[in-house]
file final-v7.pdb (PDB, C-alpha atoms and all ligand atoms)
ATOM      1  CA  MET A   1      30.249  11.353 -12.407  1.00  0.00           C
ATOM      2  CA  ARG A   2      26.730  12.083 -13.479  1.00  0.00           C
ATOM      3  CA  LYS A   3      24.666  14.784 -11.896  1.00  0.00           C
ATOM      4  CA  LYS A   4      20.914  14.434 -12.235  1.00  0.00           C
ATOM      5  CA  GLU A   5      17.955  16.515 -11.259  1.00  0.00           C
ATOM      6  CA  LEU A   6      14.542  14.981 -10.765  1.00  0.00           C
ATOM      7  CA  THR A   7      11.238  16.579 -11.567  1.00  0.00           C
ATOM      8  CA  ILE A   8       8.251  16.012  -9.325  1.00  0.00           C
ATOM      9  CA  LYS A   9       4.963  16.825 -10.995  1.00  0.00           C
ATOM     10  CA  VAL A  10       2.097  18.011  -8.811  1.00  0.00           C
ATOM     11  CA  CYS A  11      -1.127  19.894  -9.505  1.00  0.00           C
ATOM     12  CA  GLU A  12      -2.446  22.057  -6.683  1.00  0.00           C
ATOM     13  CA  TYR A  13      -6.080  23.045  -6.349  1.00  0.00           C
ATOM     14  CA  ASP A  14      -7.176  25.840  -4.000  1.00  0.00           C
ATOM     15  CA  ALA A  15     -10.742  24.557  -3.673  1.00  0.00           C
ATOM     16  CA  VAL A  16     -12.298  21.110  -3.813  1.00  0.00           C
ATOM     17  CA  GLU A  17     -14.804  22.352  -6.415  1.00  0.00           C
ATOM     18  CA  GLU A  18     -11.922  22.860  -8.860  1.00  0.00           C
ATOM     19  CA  LEU A  19     -11.225  19.121  -8.897  1.00  0.00           C
ATOM     20  CA  PRO A  20     -12.810  16.731 -11.403  1.00  0.00           C
ATOM     21  CA  GLU A  21     -16.046  15.298 -10.005  1.00  0.00           C
ATOM     22  CA  SER A  22     -14.671  11.781  -9.464  1.00  0.00           C
ATOM     23  CA  ASP A  23     -11.830  13.213  -7.340  1.00  0.00           C
ATOM     24  CA  GLN A  24     -14.325  15.228  -5.309  1.00  0.00           C
ATOM     25  CA  LYS A  25     -16.350  12.079  -4.608  1.00  0.00           C
ATOM     26  CA  LEU A  26     -13.242  10.145  -3.620  1.00  0.00           C
ATOM     27  CA  LEU A  27     -12.136  12.915  -1.257  1.00  0.00           C
ATOM     28  CA  GLN A  28     -15.568  12.977   0.321  1.00  0.00           C
ATOM     29  CA  ALA A  29     -15.383   9.205   0.848  1.00  0.00           C
ATOM     30  CA  ALA A  30     -11.936   9.601   2.449  1.00  0.00           C
ATOM     31  CA  ARG A  31     -13.237  12.325   4.771  1.00  0.00           C
ATOM     32  CA  GLU A  32     -16.109  10.068   5.835  1.00  0.00           C
ATOM     33  CA  ALA A  33     -13.701   7.170   6.374  1.00  0.00           C
ATOM     34  CA  SER A  34     -11.496   9.281   8.650  1.00  0.00           C
ATOM     35  CA  LYS A  35     -14.393   9.260  11.131  1.00  0.00           C
ATOM     36  CA  ASN A  36     -13.883   5.490  11.499  1.00  0.00           C
ATOM     37  CA  ALA A  37     -10.243   5.815  12.496  1.00  0.00           C
ATOM     38  CA  TYR A  38      -9.304   3.993  15.672  1.00  0.00           C
ATOM     39  CA  ALA A  39      -6.626   6.380  16.906  1.00  0.00           C
ATOM     40  CA  PRO A  40      -6.874   6.608  20.705  1.00  0.00           C
ATOM     41  CA  TYR A  41      -3.075   7.019  21.030  1.00  0.00           C
ATOM     42  CA  SER A  42      -2.133   9.557  18.369  1.00  0.00           C
ATOM     43  CA  LYS A  43      -5.573  11.174  18.047  1.00  0.00           C
ATOM     44  CA  PHE A  44      -4.609  11.591  14.400  1.00  0.00           C
ATOM     45  CA  CYS A  45      -7.467  10.302  12.261  1.00  0.00           C
ATOM     46  CA  VAL A  46      -6.646   9.407   8.681  1.00  0.00           C
ATOM     47  CA  GLY A  47      -9.043   8.390   5.925  1.00  0.00           C
ATOM     48  CA  ALA A  48      -8.227   6.869   2.553  1.00  0.00           C
ATOM     49  CA  ALA A  49     -10.489   6.091  -0.393  1.00  0.00           C
ATOM     50  CA  LEU A  50      -9.545   4.092  -3.475  1.00  0.00           C
ATOM     51  CA  LEU A  51     -11.161   4.058  -6.860  1.00  0.00           C
ATOM     52  CA  LEU A  52     -10.945   0.647  -8.513  1.00  0.00           C
ATOM     53  CA  GLU A  53     -11.032  -0.071 -12.241  1.00  0.00           C
ATOM     54  CA  ASN A  54     -14.628  -1.362 -11.916  1.00  0.00           C
ATOM     55  CA  GLY A  55     -15.772   1.915 -10.339  1.00  0.00           C
ATOM     56  CA  GLU A  56     -15.978   0.515  -6.823  1.00  0.00           C
ATOM     57  CA  VAL A  57     -14.805   2.791  -4.009  1.00  0.00           C
ATOM     58  CA  ILE A  58     -12.940   1.144  -1.106  1.00  0.00           C
ATOM     59  CA  THR A  59     -12.195   3.064   2.068  1.00  0.00           C
ATOM     60  CA  GLY A  60      -9.902   2.595   5.036  1.00  0.00           C
ATOM     61  CA  SER A  61      -8.875   4.397   8.193  1.00  0.00           C
ATOM     62  CA  ASN A  62      -5.886   4.055  10.494  1.00  0.00           C
ATOM     63  CA  GLN A  63      -6.203   1.371  13.139  1.00  0.00           C
ATOM     64  CA  GLU A  64      -3.942   1.668  16.165  1.00  0.00           C
ATOM     65  CA  ASN A  65      -2.981  -0.763  18.895  1.00  0.00           C
ATOM     66  CA  ALA A  66      -1.675  -0.512  22.460  1.00  0.00           C
ATOM     67  CA  ASP A  67       1.403  -2.271  21.080  1.00  0.00           C
ATOM     68  CA  PHE A  68       2.092   0.790  18.914  1.00  0.00           C
ATOM     69  CA  THR A  69       3.989  -0.905  16.097  1.00  0.00           C
ATOM     70  CA  ASP A  70       1.033  -3.184  15.370  1.00  0.00           C
ATOM     71  CA  GLY A  71      -1.168  -0.366  14.081  1.00  0.00           C
ATOM     72  CA  LEU A  72      -1.680   0.270  10.390  1.00  0.00           C
ATOM     73  CA  CYS A  73      -2.110   3.400   8.273  1.00  0.00           C
ATOM     74  CA  ALA A  74      -5.381   4.192   6.518  1.00  0.00           C
ATOM     75  CA  GLU A  75      -3.816   3.907   3.065  1.00  0.00           C
ATOM     76  CA  ARG A  76      -2.519   0.387   3.650  1.00  0.00           C
ATOM     77  CA  VAL A  77      -5.741  -0.738   5.323  1.00  0.00           C
ATOM     78  CA  ALA A  78      -7.579   0.325   2.140  1.00  0.00           C
ATOM     79  CA  LEU A  79      -4.970  -0.938  -0.335  1.00  0.00           C
ATOM     80  CA  PHE A  80      -4.567  -4.362   1.267  1.00  0.00           C
ATOM     81  CA  TYR A  81      -8.310  -4.792   1.628  1.00  0.00           C
ATOM     82  CA  ALA A  82      -8.886  -3.833  -2.015  1.00  0.00           C
ATOM     83  CA  ASN A  83      -6.068  -6.007  -3.341  1.00  0.00           C
ATOM     84  CA  SER A  84      -7.174  -9.000  -1.296  1.00  0.00           C
ATOM     85  CA  THR A  85     -10.889  -8.657  -2.039  1.00  0.00           C
ATOM     86  CA  TYR A  86     -10.649  -7.595  -5.694  1.00  0.00           C
ATOM     87  CA  PRO A  87      -7.306  -9.071  -6.796  1.00  0.00           C
ATOM     88  CA  ASP A  88      -8.123  -8.473 -10.483  1.00  0.00           C
ATOM     89  CA  GLN A  89      -9.001  -4.797 -10.129  1.00  0.00           C
ATOM     90  CA  ALA A  90      -6.365  -2.142 -10.727  1.00  0.00           C
ATOM     91  CA  VAL A  91      -6.336   0.799  -8.346  1.00  0.00           C
ATOM     92  CA  LYS A  92      -6.914   3.953 -10.387  1.00  0.00           C
ATOM     93  CA  ALA A  93      -6.793   6.600  -7.644  1.00  0.00           C
ATOM     94  CA  ILE A  94      -6.368   7.114  -3.920  1.00  0.00           C
ATOM     95  CA  ALA A  95      -7.534  10.093  -1.854  1.00  0.00           C
ATOM     96  CA  VAL A  96      -6.008  10.718   1.570  1.00  0.00           C
ATOM     97  CA  THR A  97      -7.166  13.054   4.301  1.00  0.00           C
ATOM     98  CA  ALA A  98      -6.348  13.522   7.988  1.00  0.00           C
ATOM     99  CA  GLN A  99      -7.705  15.258  11.060  1.00  0.00           C
ATOM    100  CA  ASN A 100      -5.883  16.285  14.208  1.00  0.00           C
ATOM    101  CA  SER A 101      -7.290  18.008  17.291  1.00  0.00           C
ATOM    102  CA  HIS A 102      -7.798  21.214  15.230  1.00  0.00           C
ATOM    103  CA  GLY A 103      -9.841  19.447  12.533  1.00  0.00           C
ATOM    104  CA  PHE A 104      -8.855  18.545   8.957  1.00  0.00           C
ATOM    105  CA  LEU A 105      -5.233  19.384   8.194  1.00  0.00           C
ATOM    106  CA  GLU A 106      -4.436  22.779   6.758  1.00  0.00           C
ATOM    107  CA  LEU A 107      -1.714  21.428   4.455  1.00  0.00           C
ATOM    108  CA  PRO A 108      -2.135  18.323   2.258  1.00  0.00           C
ATOM    109  CA  ALA A 109      -2.124  15.004   4.169  1.00  0.00           C
ATOM    110  CA  GLN A 110       1.133  13.287   3.164  1.00  0.00           C
ATOM    111  CA  PRO A 111       1.236   9.463   3.101  1.00  0.00           C
ATOM    112  CA  CYS A 112       4.129   7.928   5.045  1.00  0.00           C
ATOM    113  CA  GLY A 113       7.041   6.210   3.321  1.00  0.00           C
ATOM    114  CA  SER A 114       5.704   2.699   3.888  1.00  0.00           C
ATOM    115  CA  CYS A 115       2.357   3.579   2.289  1.00  0.00           C
ATOM    116  CA  ARG A 116       4.215   5.112  -0.661  1.00  0.00           C
ATOM    117  CA  GLN A 117       6.133   1.843  -1.017  1.00  0.00           C
ATOM    118  CA  VAL A 118       2.874  -0.131  -1.074  1.00  0.00           C
ATOM    119  CA  MET A 119       1.456   2.260  -3.685  1.00  0.00           C
ATOM    120  CA  VAL A 120       4.527   1.634  -5.867  1.00  0.00           C
ATOM    121  CA  GLU A 121       4.020  -2.131  -5.591  1.00  0.00           C
ATOM    122  CA  THR A 122       0.312  -1.795  -6.437  1.00  0.00           C
ATOM    123  CA  GLU A 123       1.204   0.177  -9.559  1.00  0.00           C
ATOM    124  CA  VAL A 124       3.676  -2.498 -10.627  1.00  0.00           C
ATOM    125  CA  ARG A 125       1.208  -5.283  -9.833  1.00  0.00           C
ATOM    126  CA  TYR A 126      -1.524  -3.826 -12.052  1.00  0.00           C
ATOM    127  CA  ASN A 127       0.781  -2.000 -14.466  1.00  0.00           C
ATOM    128  CA  GLU A 128      -1.237   1.151 -13.919  1.00  0.00           C
ATOM    129  CA  PRO A 129      -0.211   4.475 -12.371  1.00  0.00           C
ATOM    130  CA  ILE A 130      -2.269   5.591  -9.371  1.00  0.00           C
ATOM    131  CA  ARG A 131      -3.630   9.118  -9.178  1.00  0.00           C
ATOM    132  CA  ILE A 132      -2.893  10.337  -5.637  1.00  0.00           C
ATOM    133  CA  ILE A 133      -5.047  13.071  -4.124  1.00  0.00           C
ATOM    134  CA  MET A 134      -3.933  14.654  -0.855  1.00  0.00           C
ATOM    135  CA  ASP A 135      -6.484  16.692   0.995  1.00  0.00           C
ATOM    136  CA  GLY A 136      -5.710  19.982   2.734  1.00  0.00           C
ATOM    137  CA  ARG A 137      -7.913  22.877   3.793  1.00  0.00           C
ATOM    138  CA  LYS A 138      -5.560  25.399   2.208  1.00  0.00           C
ATOM    139  CA  TYR A 139      -5.053  23.432  -1.006  1.00  0.00           C
ATOM    140  CA  ILE A 140      -5.247  19.931  -2.446  1.00  0.00           C
ATOM    141  CA  GLN A 141      -2.372  18.196  -4.207  1.00  0.00           C
ATOM    142  CA  VAL A 142      -2.766  15.714  -7.048  1.00  0.00           C
ATOM    143  CA  PHE A 143       0.080  13.497  -8.252  1.00  0.00           C
ATOM    144  CA  GLU A 144      -0.001  11.240 -11.305  1.00  0.00           C
ATOM    145  CA  GLY A 145       1.765   8.104 -10.153  1.00  0.00           C
ATOM    146  CA  ALA A 146       3.751   7.070  -7.094  1.00  0.00           C
ATOM    147  CA  ASP A 147       7.081   7.754  -8.832  1.00  0.00           C
ATOM    148  CA  ASN A 148       6.397  11.370  -7.919  1.00  0.00           C
ATOM    149  CA  LEU A 149       6.176  10.384  -4.244  1.00  0.00           C
ATOM    150  CA  LEU A 150       8.932   7.800  -4.036  1.00  0.00           C
ATOM    151  CA  PRO A 151      11.620   8.152  -6.694  1.00  0.00           C
ATOM    152  CA  PHE A 152      14.274   5.404  -6.884  1.00  0.00           C
ATOM    153  CA  ALA A 153      11.822   3.045  -5.175  1.00  0.00           C
ATOM    154  CA  PHE A 154      12.559  -0.563  -4.360  1.00  0.00           C
ATOM    155  CA  LYS A 155      10.480  -2.567  -6.837  1.00  0.00           C
ATOM    156  CA  PRO A 156       9.426  -6.222  -7.058  1.00  0.00           C
ATOM    157  CA  GLY A 157      11.601  -6.736 -10.160  1.00  0.00           C
ATOM    158  CA  ASP A 158      14.701  -6.014  -8.059  1.00  0.00           C
ATOM    159  CA  LEU A 159      14.277  -9.416  -6.384  1.00  0.00           C
ATOM    160  CA  GLU A 160      14.827 -11.331  -9.607  1.00  0.00           C
TER
HETATM  161  N1  LIG A 201      -1.021   7.441   9.581  1.00  0.00           N
HETATM  162  C1  LIG A 201      -1.772   7.049   8.519  1.00  0.00           C
HETATM  163  O1  LIG A 201      -2.842   6.443   8.675  1.00  0.00           O
HETATM  164  N2  LIG A 201      -1.313   7.334   7.275  1.00  0.00           N
HETATM  165  C2  LIG A 201      -0.146   7.984   7.018  1.00  0.00           C
HETATM  166  O2  LIG A 201       0.274   8.050   5.871  1.00  0.00           O
HETATM  167  C3  LIG A 201       0.586   8.641   8.117  1.00  0.00           C
HETATM  168  C4  LIG A 201       0.240   8.136   9.474  1.00  0.00           C
HETATM  169  C5  LIG A 201      -1.504   7.109  10.926  1.00  0.00           C
HETATM  170  C6  LIG A 201      -0.665   6.088  11.643  1.00  0.00           C
HETATM  171  C7  LIG A 201      -0.986   6.417  13.085  1.00  0.00           C
HETATM  172  O3  LIG A 201      -2.176   5.750  13.450  1.00  0.00           O
HETATM  173  C8  LIG A 201      -1.248   7.906  13.087  1.00  0.00           C
HETATM  174  O4  LIG A 201      -1.514   8.258  11.739  1.00  0.00           O
HETATM  175  C9  LIG A 201      -0.105   8.742  13.609  1.00  0.00           C
HETATM  176  O5  LIG A 201       1.073   8.446  12.967  1.00  0.00           O
END
call {"tool": "encode", "arguments": {"input": "final-v7.pdb", "output": "structure tokens", "more": "lines below"}}
Ligand code: THU
result
Amino acid sequence: MRKKELTIKVCEYDAVEELPESDQKLLQAAREASKNAYAPYSKFCVGAALLLENGEVITGSNQENADFTDGLCAERVALFYANSTYPDQAVKAIAVTAQNSHGFLELPAQPCGSCRQVMVETEVRYNEPIRIIMDGRKYIQVFEGADNLLPFAFKPGDLE
């Protein structure tokens, strides 16, 4: 028997101004993108913004459907668009934010498990960790790499 303990590394910032400027810009882009959410069913509006290797910023918002399972999260809208439009560009960072009926979330907006899985695959695809910035009014969390969000992840190499 082996007993292990994992360490999750996270940096928490109490104000957006404390973040590096490029993170602040990415968060702002995510907040803008959340306004484009199509979320008539959940009324939960999520925005995501990606920073690509070439400096380009790609945004996405959640898009819902009357057939509920057909909707897609903001993070995957942005990631799949970026990866399909700029297949040679690594994703350096992603900022995520969300609003409910009370406004932007108090606690950091946490990506769902499926979006974490897609982040892991994107890291493997480009061999580059993604900086993940989660927006909250109380504080903002920053993670260096999706391993901190999804340890023991299923990875493309497992198929071989
Ligand atoms: N949603 C996202 O866009 N990202 C997440 O990581 C969590 C959930 C969306 C999906 C759905 O449109 C709404 O939020 C409520 O679950």
call {"tool": "resolve_selection", "arguments": {"input": "final-v7.pdb", "expression": "the PyMOL selection byres (((chain A and resi 78) around 7) and not hetatm)", "output": "PyMOL selection string"}}
result
chain A and resi 48-49+58-60+74-77+79-82
call {"tool": "closest_residue", "arguments": {"input": "final-v7.pdb", "among": "A:Tyr13, A:Ser101, A:Pro111, A:Lys3", "to": "Pro40 in chain A", "atoms": "all atoms listed in the file"}}
result
A:Ser101
call {"tool": "resolve_selection", "arguments": {"input": "final-v7.pdb", "expression": "the PyMOL selection byres (((chain A and resi 113) around 12) and not hetatm)", "output": "MDAnalysis selection string"}}
result
chainID A and resid 73 75:76 110:112 114:120 146 149:151 153:154
call {"tool": "write_last_selection", "arguments": {"input": "final-v7.pdb", "atoms": "C-alpha atoms", "output": "PDB file, in the coordinates of the input"}}
result
ATOM      1  CA  CYS A  73      -2.110   3.400   8.273  1.00  0.00           C
ATOM      2  CA  GLU A  75      -3.816   3.907   3.065  1.00  0.00           C
ATOM      3  CA  ARG A  76      -2.519   0.387   3.650  1.00  0.00           C
ATOM      4  CA  GLN A 110       1.133  13.287   3.164  1.00  0.00           C
ATOM      5  CA  PRO A 111       1.236   9.463   3.101  1.00  0.00           C
ATOM      6  CA  CYS A 112       4.129   7.928   5.045  1.00  0.00           C
ATOM      7  CA  SER A 114       5.704   2.699   3.888  1.00  0.00           C
ATOM      8  CA  CYS A 115       2.357   3.579   2.289  1.00  0.00           C
ATOM      9  CA  ARG A 116       4.215   5.112  -0.661  1.00  0.00           C
ATOM     10  CA  GLN A 117       6.133   1.843  -1.017  1.00  0.00           C
ATOM     11  CA  VAL A 118       2.874  -0.131  -1.074  1.00  0.00           C
ATOM     12  CA  MET A 119       1.456   2.260  -3.685  1.00  0.00           C
ATOM     13  CA  VAL A 120       4.527   1.634  -5.867  1.00  0.00           C
ATOM     14  CA  ALA A 146       3.751   7.070  -7.094  1.00  0.00           C
ATOM     15  CA  LEU A 149       6.176  10.384  -4.244  1.00  0.00           C
ATOM     16  CA  LEU A 150       8.932   7.800  -4.036  1.00  0.00           C
ATOM     17  CA  PRO A 151      11.620   8.152  -6.694  1.00  0.00           C
ATOM     18  CA  ALA A 153      11.822   3.045  -5.175  1.00  0.00           C
ATOM     19  CA  PHE A 154      12.559  -0.563  -4.360  1.00  0.00           C
TER      20      PHE A 154
END
call {"tool": "residues_around", "arguments": {"input": "final-v7.pdb", "residues": "Leu51 in chain A", "least_positions_apart": "4", "cutoff": "10 Å", "atoms": "all atoms listed in the file", "output": "ChimeraX atom specification"}}
result
/A:22-23,25-26,55-59,82,89-95,130-131
call {"tool": "atom_distance", "arguments": {"input": "final-v7.pdb", "atom1": "CA of Tyr139 in chain A", "atom2": "atom C5 of ligand LIG 201 (chain A)"}}
result
20.5 Å
call {"tool": "axis_aligned_box", "arguments": {"input": "final-v7.pdb", "around": "ligand LIG 201 (chain A)", "padding_each_side": "8 Å", "output": "JSON"}}
result
{"center_x": -0.9, "center_y": 7.2, "center_z": 9.7, "size_x": 19.9, "size_y": 19.0, "size_z": 23.7}
call {"tool": "residues_around", "arguments": {"input": "final-v7.pdb", "residues": "Gly71 in chain A", "least_positions_apart": "3", "cutoff": "12 Å", "atoms": "only C-alpha atoms", "output": "CSV table (one decimal) with C-alpha atoms, in the frame of the given file"}}
result
chain,number,residue,atom,x,y,z
A,37,ALA,CA,-10.2,5.8,12.5
A,38,TYR,CA,-9.3,4.0,15.7
A,39,ALA,CA,-6.6,6.4,16.9
A,40,PRO,CA,-6.9,6.6,20.7
A,41,TYR,CA,-3.1,7.0,21.0
A,42,SER,CA,-2.1,9.6,18.4
A,61,SER,CA,-8.9,4.4,8.2
A,62,ASN,CA,-5.9,4.1,10.5
A,63,GLN,CA,-6.2,1.4,13.1
A,64,GLU,CA,-3.9,1.7,16.2
A,65,ASN,CA,-3.0,-0.8,18.9
A,66,ALA,CA,-1.7,-0.5,22.5
A,67,ASP,CA,1.4,-2.3,21.1
A,68,PHE,CA,2.1,0.8,18.9
A,74,ALA,CA,-5.4,4.2,6.5
A,76,ARG,CA,-2.5,0.4,3.6
A,77,VAL,CA,-5.7,-0.7,5.3
call {"tool": "closest_residue", "arguments": {"input": "final-v7.pdb", "among": "A:Pro108, A:Pro87, A:Pro156, A:Gly47", "to": "Ile140 in chain A", "atoms": "all atoms listed in the file"}}
result
A:Pro108
call {"tool": "closest_residue", "arguments": {"input": "final-v7.pdb", "among": "A:Val142, A:Leu107, A:Leu72, A:Val16", "to": "ligand LIG 201 (chain A)", "atoms": "all atoms listed in the file"}}
result
A:Leu72
call {"tool": "atom_distance", "arguments": {"input": "final-v7.pdb", "atom1": "CA of Gln28 in chain A", "atom2": "CA of Asp70 in chain A"}}
result
27.6 Å
call {"tool": "closest_residue", "arguments": {"input": "final-v7.pdb", "among": "A:Gln24, A:Asn148, A:Asn100, A:Asn83", "to": "ligand LIG 201 (chain A)", "atoms": "all atoms listed in the file"}}
result
A:Asn100
call {"tool": "closest_residue", "arguments": {"input": "final-v7.pdb", "among": "A:Ser34, A:Asn54, A:Gln141, A:Thr7", "to": "ligand LIG 201 (chain A)", "atoms": "all atoms listed in the file"}}
result
A:Ser34
call {"tool": "closest_residue", "arguments": {"input": "final-v7.pdb", "among": "A:Phe104, A:Phe152, A:Phe44, A:Tyr86", "to": "ligand LIG 201 (chain A)", "atoms": "only C-alpha atoms and all ligand atoms"}}
result
A:Phe44
call {"tool": "residues_around", "arguments": {"input": "final-v7.pdb", "residues": "Gly157 in chain A", "least_positions_apart": "6", "cutoff": "12 Å", "atoms": "all atoms listed in the file", "output": "ChimeraX atom specification"}}
result
/A:120-121,124-125
call {"tool": "atom_distance", "arguments": {"input": "final-v7.pdb", "atom1": "CA of Val10 in chain A", "atom2": "CA of Glu144 in chain A"}}
result
7.5 Å
call {"tool": "decode", "arguments": {"input": "final-v7.pdb", "residues": "range 62-143 of chain A", "atoms": "C-alpha atoms", "output": "PDB file, in the first residue's frame"}}
result
ATOM      1  CA  ASN A  62     -21.927  29.640 -22.894  1.00  0.00           C
ATOM      2  CA  GLN A  63     -24.505  28.790 -25.526  1.00  0.00           C
ATOM      3  CA  GLU A  64     -27.587  26.914 -24.368  1.00  0.00           C
ATOM      4  CA  ASN A  65     -30.285  25.024 -26.220  1.00  0.00           C
ATOM      5  CA  ALA A  66     -33.882  23.994 -25.532  1.00  0.00           C
ATOM      6  CA  ASP A  67     -32.534  20.443 -25.743  1.00  0.00           C
ATOM      7  CA  PHE A  68     -30.450  21.126 -22.625  1.00  0.00           C
ATOM      8  CA  THR A  69     -27.640  18.652 -23.247  1.00  0.00           C
ATOM      9  CA  ASP A  70     -26.798  20.319 -26.560  1.00  0.00           C
ATOM     10  CA  GLY A  71     -25.522  23.511 -24.937  1.00  0.00           C
ATOM     11  CA  LEU A  72     -21.835  24.208 -24.479  1.00  0.00           C
ATOM     12  CA  CYS A  73     -19.777  25.930 -21.783  1.00  0.00           C
ATOM     13  CA  ALA A  74     -17.967  29.202 -22.437  1.00  0.00           C
ATOM     14  CA  GLU A  75     -14.544  27.631 -21.914  1.00  0.00           C
ATOM     15  CA  ARG A  76     -15.082  24.942 -24.541  1.00  0.00           C
ATOM     16  CA  VAL A  77     -16.658  27.376 -26.998  1.00  0.00           C
ATOM     17  CA  ALA A  78     -13.459  29.459 -26.744  1.00  0.00           C
ATOM     18  CA  LEU A  79     -11.016  26.534 -26.681  1.00  0.00           C
ATOM     19  CA  PHE A  80     -12.552  24.702 -29.636  1.00  0.00           C
ATOM     20  CA  TYR A  81     -12.820  27.892 -31.656  1.00  0.00           C
ATOM     21  CA  ALA A  82      -9.186  28.788 -30.936  1.00  0.00           C
ATOM     22  CA  ASN A  83      -7.877  25.293 -31.635  1.00  0.00           C
ATOM     23  CA  SER A  84      -9.832  25.013 -34.869  1.00  0.00           C
ATOM     24  CA  THR A  85      -9.014  28.501 -36.148  1.00  0.00           C
ATOM     25  CA  TYR A  86      -5.389  28.706 -34.981  1.00  0.00           C
ATOM     26  CA  PRO A  87      -4.330  25.042 -34.830  1.00  0.00           C
ATOM     27  CA  ASP A  88      -0.639  25.998 -34.539  1.00  0.00           C
ATOM     28  CA  GLN A  89      -1.054  28.387 -31.618  1.00  0.00           C
ATOM     29  CA  ALA A  90      -0.572  27.156 -28.067  1.00  0.00           C
ATOM     30  CA  VAL A  91      -3.015  28.431 -25.474  1.00  0.00           C
ATOM     31  CA  LYS A  92      -1.031  30.298 -22.823  1.00  0.00           C
ATOM     32  CA  ALA A  93      -3.832  31.366 -20.466  1.00  0.00           C
ATOM     33  CA  ILE A  94      -7.575  31.246 -19.928  1.00  0.00           C
ATOM     34  CA  ALA A  95      -9.678  33.611 -17.810  1.00  0.00           C
ATOM     35  CA  VAL A  96     -13.148  32.543 -16.685  1.00  0.00           C
ATOM     36  CA  THR A  97     -15.903  34.629 -15.162  1.00  0.00           C
ATOM     37  CA  ALA A  98     -19.616  34.135 -14.494  1.00  0.00           C
ATOM     38  CA  GLN A  99     -22.693  36.143 -13.607  1.00  0.00           C
ATOM     39  CA  ASN A 100     -25.903  34.981 -11.983  1.00  0.00           C
ATOM     40  CA  SER A 101     -28.990  37.029 -11.131  1.00  0.00           C
ATOM     41  CA  HIS A 102     -26.988  38.855  -8.403  1.00  0.00           C
ATOM     42  CA  GLY A 103     -24.208  39.900 -10.801  1.00  0.00           C
ATOM     43  CA  PHE A 104     -20.637  38.583 -11.082  1.00  0.00           C
ATOM     44  CA  LEU A 105     -19.973  35.674  -8.736  1.00  0.00           C
ATOM     45  CA  GLU A 106     -18.628  36.413  -5.290  1.00  0.00           C
ATOM     46  CA  LEU A 107     -16.359  33.349  -5.261  1.00  0.00           C
ATOM     47  CA  PRO A 108     -14.086  32.359  -8.177  1.00  0.00           C
ATOM     48  CA  ALA A 109     -15.925  30.930 -11.218  1.00  0.00           C
ATOM     49  CA  GLN A 110     -14.956  27.240 -11.324  1.00  0.00           C
ATOM     50  CA  PRO A 111     -14.812  25.489 -14.722  1.00  0.00           C
ATOM     51  CA  CYS A 112     -16.787  22.237 -14.908  1.00  0.00           C
ATOM     52  CA  GLY A 113     -15.092  18.850 -15.144  1.00  0.00           C
ATOM     53  CA  SER A 114     -15.553  18.539 -18.903  1.00  0.00           C
ATOM     54  CA  CYS A 115     -13.900  21.918 -19.513  1.00  0.00           C
ATOM     55  CA  ARG A 116     -11.026  20.878 -17.241  1.00  0.00           C
ATOM     56  CA  GLN A 117     -10.642  17.728 -19.345  1.00  0.00           C
ATOM     57  CA  VAL A 118     -10.470  19.807 -22.533  1.00  0.00           C
ATOM     58  CA  MET A 119      -7.879  22.094 -20.919  1.00  0.00           C
ATOM     59  CA  VAL A 120      -5.753  19.033 -20.088  1.00  0.00           C
ATOM     60  CA  GLU A 121      -5.937  17.859 -23.708  1.00  0.00           C
ATOM     61  CA  THR A 122      -5.016  21.337 -24.987  1.00  0.00           C
ATOM     62  CA  GLU A 123      -1.958  21.355 -22.732  1.00  0.00           C
ATOM     63  CA  VAL A 124      -0.888  17.956 -24.041  1.00  0.00           C
ATOM     64  CA  ARG A 125      -1.566  18.981 -27.641  1.00  0.00           C
ATOM     65  CA  TYR A 126       0.681  22.051 -27.448  1.00  0.00           C
ATOM     66  CA  ASN A 127       3.003  20.740 -24.734  1.00  0.00           C
ATOM     67  CA  GLU A 128       2.433  23.930 -22.786  1.00  0.00           C
ATOM     68  CA  PRO A 129       0.792  24.464 -19.393  1.00  0.00           C
ATOM     69  CA  ILE A 130      -2.185  26.834 -19.366  1.00  0.00           C
ATOM     70  CA  ARG A 131      -2.424  29.591 -16.784  1.00  0.00           C
ATOM     71  CA  ILE A 132      -6.006  29.495 -15.470  1.00  0.00           C
ATOM     72  CA  ILE A 133      -7.529  32.637 -13.984  1.00  0.00           C
ATOM     73  CA  MET A 134     -10.855  32.355 -12.170  1.00  0.00           C
ATOM     74  CA  ASP A 135     -12.692  35.556 -11.493  1.00  0.00           C
ATOM     75  CA  GLY A 136     -14.518  36.305  -8.245  1.00  0.00           C
ATOM     76  CA  ARG A 137     -15.589  39.557  -6.622  1.00  0.00           C
ATOM     77  CA  LYS A 138     -14.113  38.513  -3.285  1.00  0.00           C
ATOM     78  CA  TYR A 139     -10.869  37.169  -4.743  1.00  0.00           C
ATOM     79  CA  ILE A 140      -9.349  35.810  -7.940  1.00  0.00           C
ATOM     80  CA  GLN A 141      -7.616  32.448  -8.205  1.00  0.00           C
ATOM     81  CA  VAL A 142      -4.715  31.696 -10.529  1.00  0.00           C
ATOM     82  CA  PHE A 143      -3.526  28.157 -11.258  1.00  0.00           C
TER      83      PHE A 143
END
